[in-house]
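Chemist: For reference, the file upload.csv (CSV, C-alpha atoms) is included below:
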chain,number,residue,atom,x,y,z
I,6,MET,CA,-9.4,25.2,4.1
I,7,ALA,CA,-9.6,23.0,7.2
I,8,LEU,CA,-7.5,19.8,7.1
I,9,GLU,CA,-9.6,16.7,7.0
I,10,ALA,CA,-8.9,13.8,9.3
I,11,ARG,CA,-7.1,11.3,7.1
I,12,HIS,CA,-5.9,7.8,8.0
I,13,GLY,CA,-2.3,6.5,7.5
I,14,SER,CA,0.8,6.3,5.4
I,15,VAL,CA,4.2,4.7,5.2
I,16,THR,CA,6.7,7.1,6.7
I,17,SER,CA,9.9,4.9,6.7
I,18,PRO,CA,11.3,4.4,4.2
I,19,GLU,CA,9.5,7.5,2.9
I,20,SER,CA,6.8,6.6,0.5
I,21,ARG,CA,6.3,8.5,-2.8
I,22,ALA,CA,3.3,10.1,-1.2
I,23,GLN,CA,5.3,11.2,1.9
I,24,LEU,CA,8.0,12.8,-0.4
I,25,HIS,CA,5.6,14.6,-2.8
I,26,LEU,CA,2.3,15.4,-1.0
I,27,ALA,CA,1.3,17.2,2.2
I,28,ASP,CA,1.1,14.9,5.2
I,29,TRP,CA,-2.7,14.9,5.3
I,30,GLN,CA,-2.8,14.0,1.6
I,31,ALA,CA,-0.3,11.2,1.9
I,32,ALA,CA,-2.5,9.7,4.7
I,33,GLY,CA,-5.6,9.8,2.5
I,34,LEU,CA,-4.7,7.5,-0.4
I,35,GLU,CA,-7.8,5.3,0.1
I,36,ALA,CA,-9.6,3.0,-2.3
I,37,GLY,CA,-11.2,-0.5,-2.2
I,38,LYS,CA,-9.4,-3.3,-0.6
I,39,PHE,CA,-8.3,-6.8,-1.9
I,40,PHE,CA,-5.7,-5.7,-4.5
I,41,PRO,CA,-5.0,-7.1,-7.1
I,42,ARG,CA,-8.7,-7.8,-7.5
I,43,THR,CA,-10.6,-5.2,-9.6
I,44,GLU,CA,-14.3,-5.7,-8.5
I,45,ALA,CA,-16.2,-4.3,-5.6
I,46,GLY,CA,-18.6,-6.2,-3.3
I,47,LEU,CA,-16.2,-9.0,-2.4
I,48,THR,CA,-16.2,-10.8,1.0
I,49,ASP,CA,-13.0,-11.5,2.8
I,50,PRO,CA,-12.4,-15.3,2.6
I,51,PHE,CA,-10.5,-15.2,5.9
I,52,ALA,CA,-12.9,-13.0,7.8
I,53,PRO,CA,-16.4,-13.2,6.1
I,54,ASP,CA,-18.0,-10.8,8.6
I,55,ASP,CA,-15.6,-7.9,7.6
I,56,THR,CA,-17.2,-5.2,5.5
I,57,VAL,CA,-17.2,-6.1,1.8
I,58,ASN,CA,-14.8,-4.1,-0.4
I,59,ALA,CA,-15.3,-1.0,-2.4
I,60,GLU,CA,-13.9,-0.8,-5.9
I,61,PRO,CA,-10.0,-1.0,-5.8
I,62,PRO,CA,-8.0,1.5,-7.8
I,63,GLN,CA,-7.9,1.1,-11.6
I,64,ASP,CA,-4.7,0.2,-13.4
I,65,GLY,CA,-2.6,3.4,-14.0
I,66,ARG,CA,-4.0,5.0,-10.9
I,67,ILE,CA,-2.6,2.6,-8.2
I,68,ALA,CA,0.0,4.9,-6.7
I,69,SER,CA,-2.7,7.6,-6.2
I,70,ALA,CA,-5.4,5.1,-5.1
I,71,GLY,CA,-7.5,6.9,-7.7
I,72,GLN,CA,-7.4,10.2,-5.8
I,73,GLU,CA,-7.4,13.3,-8.0
I,74,PHE,CA,-5.3,15.3,-5.5
I,75,ALA,CA,-2.6,12.7,-5.8
I,76,ALA,CA,-2.7,12.1,-9.6
I,77,LYS,CA,1.0,13.1,-10.0
I,78,LEU,CA,2.0,10.0,-8.1
I,79,ASP,CA,0.8,7.9,-11.0
I,80,GLU,CA,3.4,9.4,-13.4
I,81,PRO,CA,6.0,6.9,-14.5
I,82,ASP,CA,9.6,7.3,-13.5
I,83,SER,CA,10.5,8.7,-17.0
I,84,HIS,CA,8.4,11.7,-16.2
I,85,GLN,CA,9.2,12.3,-12.5
I,86,ASP,CA,12.6,10.6,-11.7
I,87,TRP,CA,11.2,9.3,-8.4
I,88,HIS,CA,13.6,9.2,-5.4
I,89,LYS,CA,14.8,5.6,-5.0
I,90,HIS,CA,15.8,4.2,-1.6
I,91,GLN,CA,19.0,2.2,-1.9
I,92,VAL,CA,18.5,-1.4,-0.7
I,93,ARG,CA,19.9,-4.9,-1.3
I,94,ALA,CA,18.2,-8.0,-2.7
I,95,GLY,CA,17.4,-10.4,0.1
I,96,GLN,CA,17.5,-7.5,2.7
I,97,ALA,CA,14.9,-7.3,5.5
I,98,LEU,CA,13.4,-3.9,4.9
I,99,GLU,CA,11.8,-2.2,7.9
I,100,ILE,CA,8.5,-0.5,6.9
I,101,ALA,CA,6.7,1.9,9.3
I,102,TRP,CA,3.1,2.9,9.0
I,103,ASN,CA,1.9,5.9,11.0
I,104,TYR,CA,-1.8,6.7,11.5
I,105,HIS,CA,-3.8,9.8,11.8
I,106,ALA,CA,-7.0,7.8,12.4
I,107,ALA,CA,-6.5,4.1,13.1
I,108,HIS,CA,-9.1,1.6,11.9
I,109,LYS,CA,-9.7,-2.0,12.9
I,110,THR,CA,-7.2,-3.7,10.6
I,111,ARG,CA,-7.4,-7.0,8.9
I,112,ARG,CA,-4.0,-7.1,7.2
I,113,TRP,CA,-1.1,-5.4,5.4
I,114,ASN,CA,0.1,-6.8,2.0
I,115,TYR,CA,3.3,-5.9,0.2
I,116,PHE,CA,3.7,-6.4,-3.5
I,117,LEU,CA,6.8,-5.9,-5.6
I,118,THR,CA,7.1,-5.2,-9.3
I,119,ARG,CA,8.0,-8.2,-11.5
I,120,SER,CA,11.4,-8.8,-13.1
I,121,GLY,CA,11.3,-7.1,-16.5
I,122,TRP,CA,8.6,-4.6,-15.5
I,123,ASP,CA,8.4,-1.3,-17.5
I,124,PRO,CA,9.4,1.7,-15.3
I,125,GLY,CA,8.4,4.0,-18.2
I,126,ALA,CA,4.8,3.0,-17.9
I,127,ARG,CA,2.1,3.7,-15.3
I,128,LEU,CA,1.7,1.1,-12.6
I,129,THR,CA,-0.7,-1.7,-13.5
I,130,ARG,CA,-1.5,-5.0,-11.9
I,131,GLN,CA,0.5,-6.7,-14.6
I,132,GLN,CA,3.6,-4.7,-13.5
I,133,PHE,CA,3.4,-6.4,-10.0
I,134,SER,CA,3.9,-10.0,-9.0
I,135,PRO,CA,0.4,-11.4,-8.4
I,136,GLU,CA,1.2,-12.6,-4.9
I,137,PRO,CA,2.5,-10.4,-2.1
I,138,ILE,CA,6.1,-10.8,-1.0
I,139,ALA,CA,4.8,-10.4,2.6
I,140,THR,CA,1.5,-10.4,4.4
I,141,PHE,CA,0.8,-9.5,8.1
I,142,GLN,CA,-2.7,-10.5,9.1
I,143,ASN,CA,-4.7,-9.9,12.3
I,144,SER,CA,-6.9,-12.8,13.4
I,145,GLY,CA,-9.6,-11.3,15.6
I,146,GLN,CA,-13.2,-12.0,14.5
I,147,PRO,CA,-15.8,-10.7,14.2
I,148,TYR,CA,-14.2,-7.3,13.9
I,149,TRP,CA,-16.8,-5.5,16.1
I,150,ASP,CA,-15.9,-7.8,19.1
I,151,ALA,CA,-12.2,-8.0,18.5
I,152,ASN,CA,-10.1,-5.8,20.7
I,153,ASP,CA,-6.8,-6.5,19.0
I,154,LEU,CA,-7.4,-5.1,15.6
I,155,ILE,CA,-6.4,-1.4,16.2
I,156,PRO,CA,-2.8,-1.1,15.1
I,157,GLU,CA,-0.1,0.6,17.2
I,158,SER,CA,1.3,3.8,15.6
I,159,PRO,CA,3.8,3.3,14.3
I,160,THR,CA,3.3,-0.2,13.0
I,161,VAL,CA,6.6,-1.6,11.9
I,162,HIS,CA,7.0,-4.7,9.6
I,163,SER,CA,10.1,-6.4,8.5
I,164,VAL,CA,9.7,-7.3,4.8
I,165,THR,CA,12.4,-9.5,3.2
I,166,LEU,CA,13.0,-8.4,-0.4
I,167,PRO,CA,13.4,-11.2,-3.0
I,168,ASP,CA,16.9,-12.3,-4.0
I,169,ASP,CA,15.9,-12.4,-7.7
I,170,ARG,CA,15.3,-8.7,-8.3
I,171,ASN,CA,17.8,-5.9,-9.0
I,172,GLY,CA,17.7,-2.4,-10.2
I,173,TYR,CA,14.7,-0.1,-9.9
I,174,HIS,CA,11.5,-1.6,-8.5
I,175,VAL,CA,8.4,-0.4,-6.8
I,176,LEU,CA,7.0,-1.8,-3.5
I,177,LEU,CA,3.3,-1.4,-3.2
I,178,SER,CA,2.1,-1.4,0.5
I,179,VAL,CA,-1.6,-1.9,1.1
I,180,TRP,CA,-3.2,-1.5,4.6
I,181,GLU,CA,-6.6,-3.3,4.5
I,182,VAL,CA,-9.3,-2.2,7.0
I,183,ALA,CA,-11.8,-4.7,8.5
I,184,ASP,CA,-14.6,-2.3,9.4
I,185,THR,CA,-14.8,-0.4,6.0
I,186,GLY,CA,-14.6,-1.5,2.4
I,187,ASN,CA,-11.3,0.3,1.9
I,188,ALA,CA,-7.6,0.0,2.0
I,189,PHE,CA,-4.8,2.6,2.0
I,190,TYR,CA,-2.2,2.5,-0.8
I,191,GLN,CA,1.4,3.6,-0.6
I,192,VAL,CA,4.3,3.0,-3.1
I,193,ILE,CA,8.0,3.0,-2.2
I,194,ASP,CA,10.5,3.4,-4.9
I,195,LEU,CA,13.6,1.2,-4.4
I,196,ASN,CA,16.9,0.6,-6.1
I,197,LEU,CA,17.9,-3.0,-5.4
I,198,ALA,CA,21.7,-3.7,-5.6
Could you render the structure from this file as structure tokens?
Modeler:
Amino acid sequence: MALEARHGSVTSPESRAQLHLADWQAAGLEAGKFFPRTEAGLTDPFAPDDTVNAEPPQDGRIASAGQEFAAKLDEPDSHQDWHKHQVRAGQALEIAWNYHAAHKTRRWNYFLTRSGWDPGARLTRQQFSPEPIATFQNSGQPYWDANDLIPESPTVHSVTLPDDRNGYHVLLSVWEVADTGNAFYQVIDLNLA
């Protein structure tokens, strides 16, 4: 089977996909953008000329982005005992995205599970805080004329973890593309001390 060109993944700290899938699979966790929204056909309020979104992943299928080849990523910790990176509350965590095929990019959003979330259940929108803990947005518009929207590989972001979380949490990293309706979904399992 020939490897398909896929798009991108979080390689540091290693995402759940990097640890448990082939590299080409880890870079192919693609579904509609604008998480935590659930519907397709939405316009980006910041960049209305960007391509409207496809349907985002359903609850319970967020870690896999709804991709069948990655369905095992959706299993709760009680079934998989996911590798947890040791971090500190309040720490600035360096997150690196690497790309197989870069796209014109609008933004990256980082969501963290809420205090009191249930690690024994599949990831749902209710498990995450509704607002990202960090957003990195590109401003060039319209995307077809903007020359500054192709990200460098790797793209490294410094994301400050909240002071009010401890123990096991999941960081959802979402790379939103300007010139398609999709985003790429990566989860990172963390143990906050």
Chemist: Using all atoms listed in the file, can you tell me which of I:Glu136, I:Asp82, I:Glu19, I:Asp123 comes closest to I:Pro41?
Modeler: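 Checking each of I:Glu136, I:Asp82, I:Glu19, I:Asp123 against I:Pro41, counting all atoms listed in the file, the winner is I:Glu136.
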Chemist: Mind pulling up the distance from atom CA of I:Thr165 to atom CA of I:Ala97?
Modeler: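 Straight-line distance from atom CA of I:Ala97 to atom CA of I:Thr165 works out to 4.0 Å.
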Chemist: Got a sec: who's within 7 Å of I:Leu154, counting all atoms listed in the file, leaving out chain neighbours fewer than 4 positions off, as a VMD selection string?
Modeler: chain I and resid 109 to 111 143 145
Chemist: How far is it from atom CA of I:Gly65 to atom CA of I:Ala188, in Å with one decimal?
Modeler: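 That distance, rounded to one decimal, is 17.1 Å.
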Chemist: Atom CA of I:Phe74 and atom CA of I:Gln23 are how many Å apart?
Modeler: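 Distance between the two atoms: 13.6 Å.
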Chemist: Of the residues I:Val192, I:Ala183, I:Leu166, I:Ala68, which is the one nearest to I:Asp153, using all atoms listed in the file?
Modeler: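 Of I:Val192, I:Ala183, I:Leu166, I:Ala68, the one nearest I:Asp153, counting all atoms listed in the file, is I:Ala183.
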Chemist: Would you list the contacts of stretch 25-27 of chain I as a PyMOL selection string, taking every protein, DNA or RNA residue within 9 Å and counting all atoms listed in the file, but skipping same-chain residues closer than 2 positions in sequence?
Modeler: chain I and resi 20-23+29-32+74-75+77-78
Chemist: Write out as a short mmCIF file (atom, residue, chain, number, x, y, z; two decimals) with C-alpha atoms, in the coordinates of the input which residues come within 12 Å of I:Ala106 when counting all atoms listed in the file, dropping same-chain ones fewer than 4 positions away.
Modeler:
data_model
loop_
_atom_site.label_atom_id
_atom_site.label_comp_id
_atom_site.auth_asym_id
_atom_site.auth_seq_id
_atom_site.Cartn_x
_atom_site.Cartn_y
_atom_site.Cartn_z
CA GLU I 9 -9.60 16.70 7.00
CA ALA I 10 -8.90 13.80 9.30
CA ARG I 11 -7.10 11.30 7.10
CA HIS I 12 -5.90 7.80 8.00
CA GLY I 13 -2.30 6.50 7.50
CA SER I 14 0.80 6.30 5.40
CA TRP I 29 -2.70 14.90 5.30
CA ALA I 32 -2.50 9.70 4.70
CA GLY I 33 -5.60 9.80 2.50
CA TRP I 102 3.10 2.90 9.00
CA THR I 110 -7.20 -3.70 10.60
CA ILE I 155 -6.40 -1.40 16.20
CA PRO I 156 -2.80 -1.10 15.10
CA GLU I 157 -0.10 0.60 17.20
CA SER I 158 1.30 3.80 15.60
CA PRO I 159 3.80 3.30 14.30
CA VAL I 182 -9.30 -2.20 7.00
CA PHE I 189 -4.80 2.60 2.00
#
Chemist: Counting all atoms listed in the file, select every polymer residue within 6 Å of (11.9, -0.4, -8.9) as defined in the file's coordinates, and provide the selection as a list in words.
Modeler: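 All residues meeting the 6 Å criterion around (11.9, -0.4, -8.9) are Tyr173, His174, Val175, Asp194, Leu195 and Asn196 of chain I.
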Chemist: Which is closer to I:Gly37 than all the others in I:Thr16, I:Ser178, I:Thr129, I:Gln63, using all atoms listed in the file?
Modeler: I:Gln63
Chemist: With distances taken over only C-alpha atoms, which of I:Arg66, I:Arg42, I:Arg127, I:His162 is nearest to I:Tyr115?
Modeler: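 Among the listed residues, I:His162 lies closest to I:Tyr115.
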Chemist: For a quick check of your reading of the model, name the residues lying within 6 Å of the coordinate (-1.3, -1.3, 5.5), counting all atoms listed in the file, and write them as a list in words.
Modeler: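 Protein and nucleic acid residues near the point are Trp113, Val179, Trp180 and Glu181 of chain I.
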Chemist: Give the answer as one residue: which of I:Phe51, I:Ile138, I:Gly172, I:Leu128 has the shortest atom-to-atom distance to I:Ser69, using all atoms listed in the file?
Modeler: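 For I:Ser69, the nearest of the given residues is I:Leu128.
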Chemist: So, with all atoms listed in the file as the atoms that count, which of I:Pro18, I:Gly125, I:Gly71, I:Gly186 lies closest to I:Asp54?
Modeler: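 Of I:Pro18, I:Gly125, I:Gly71, I:Gly186, the one nearest I:Asp54, counting all atoms listed in the file, is I:Gly186.
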Chemist: Contacts of stretch 118-121 of chain I at 8 Å or less, counting all atoms listed in the file, minus same-chain residues fewer than 2 places along, as a count of residues only?
Modeler: 10
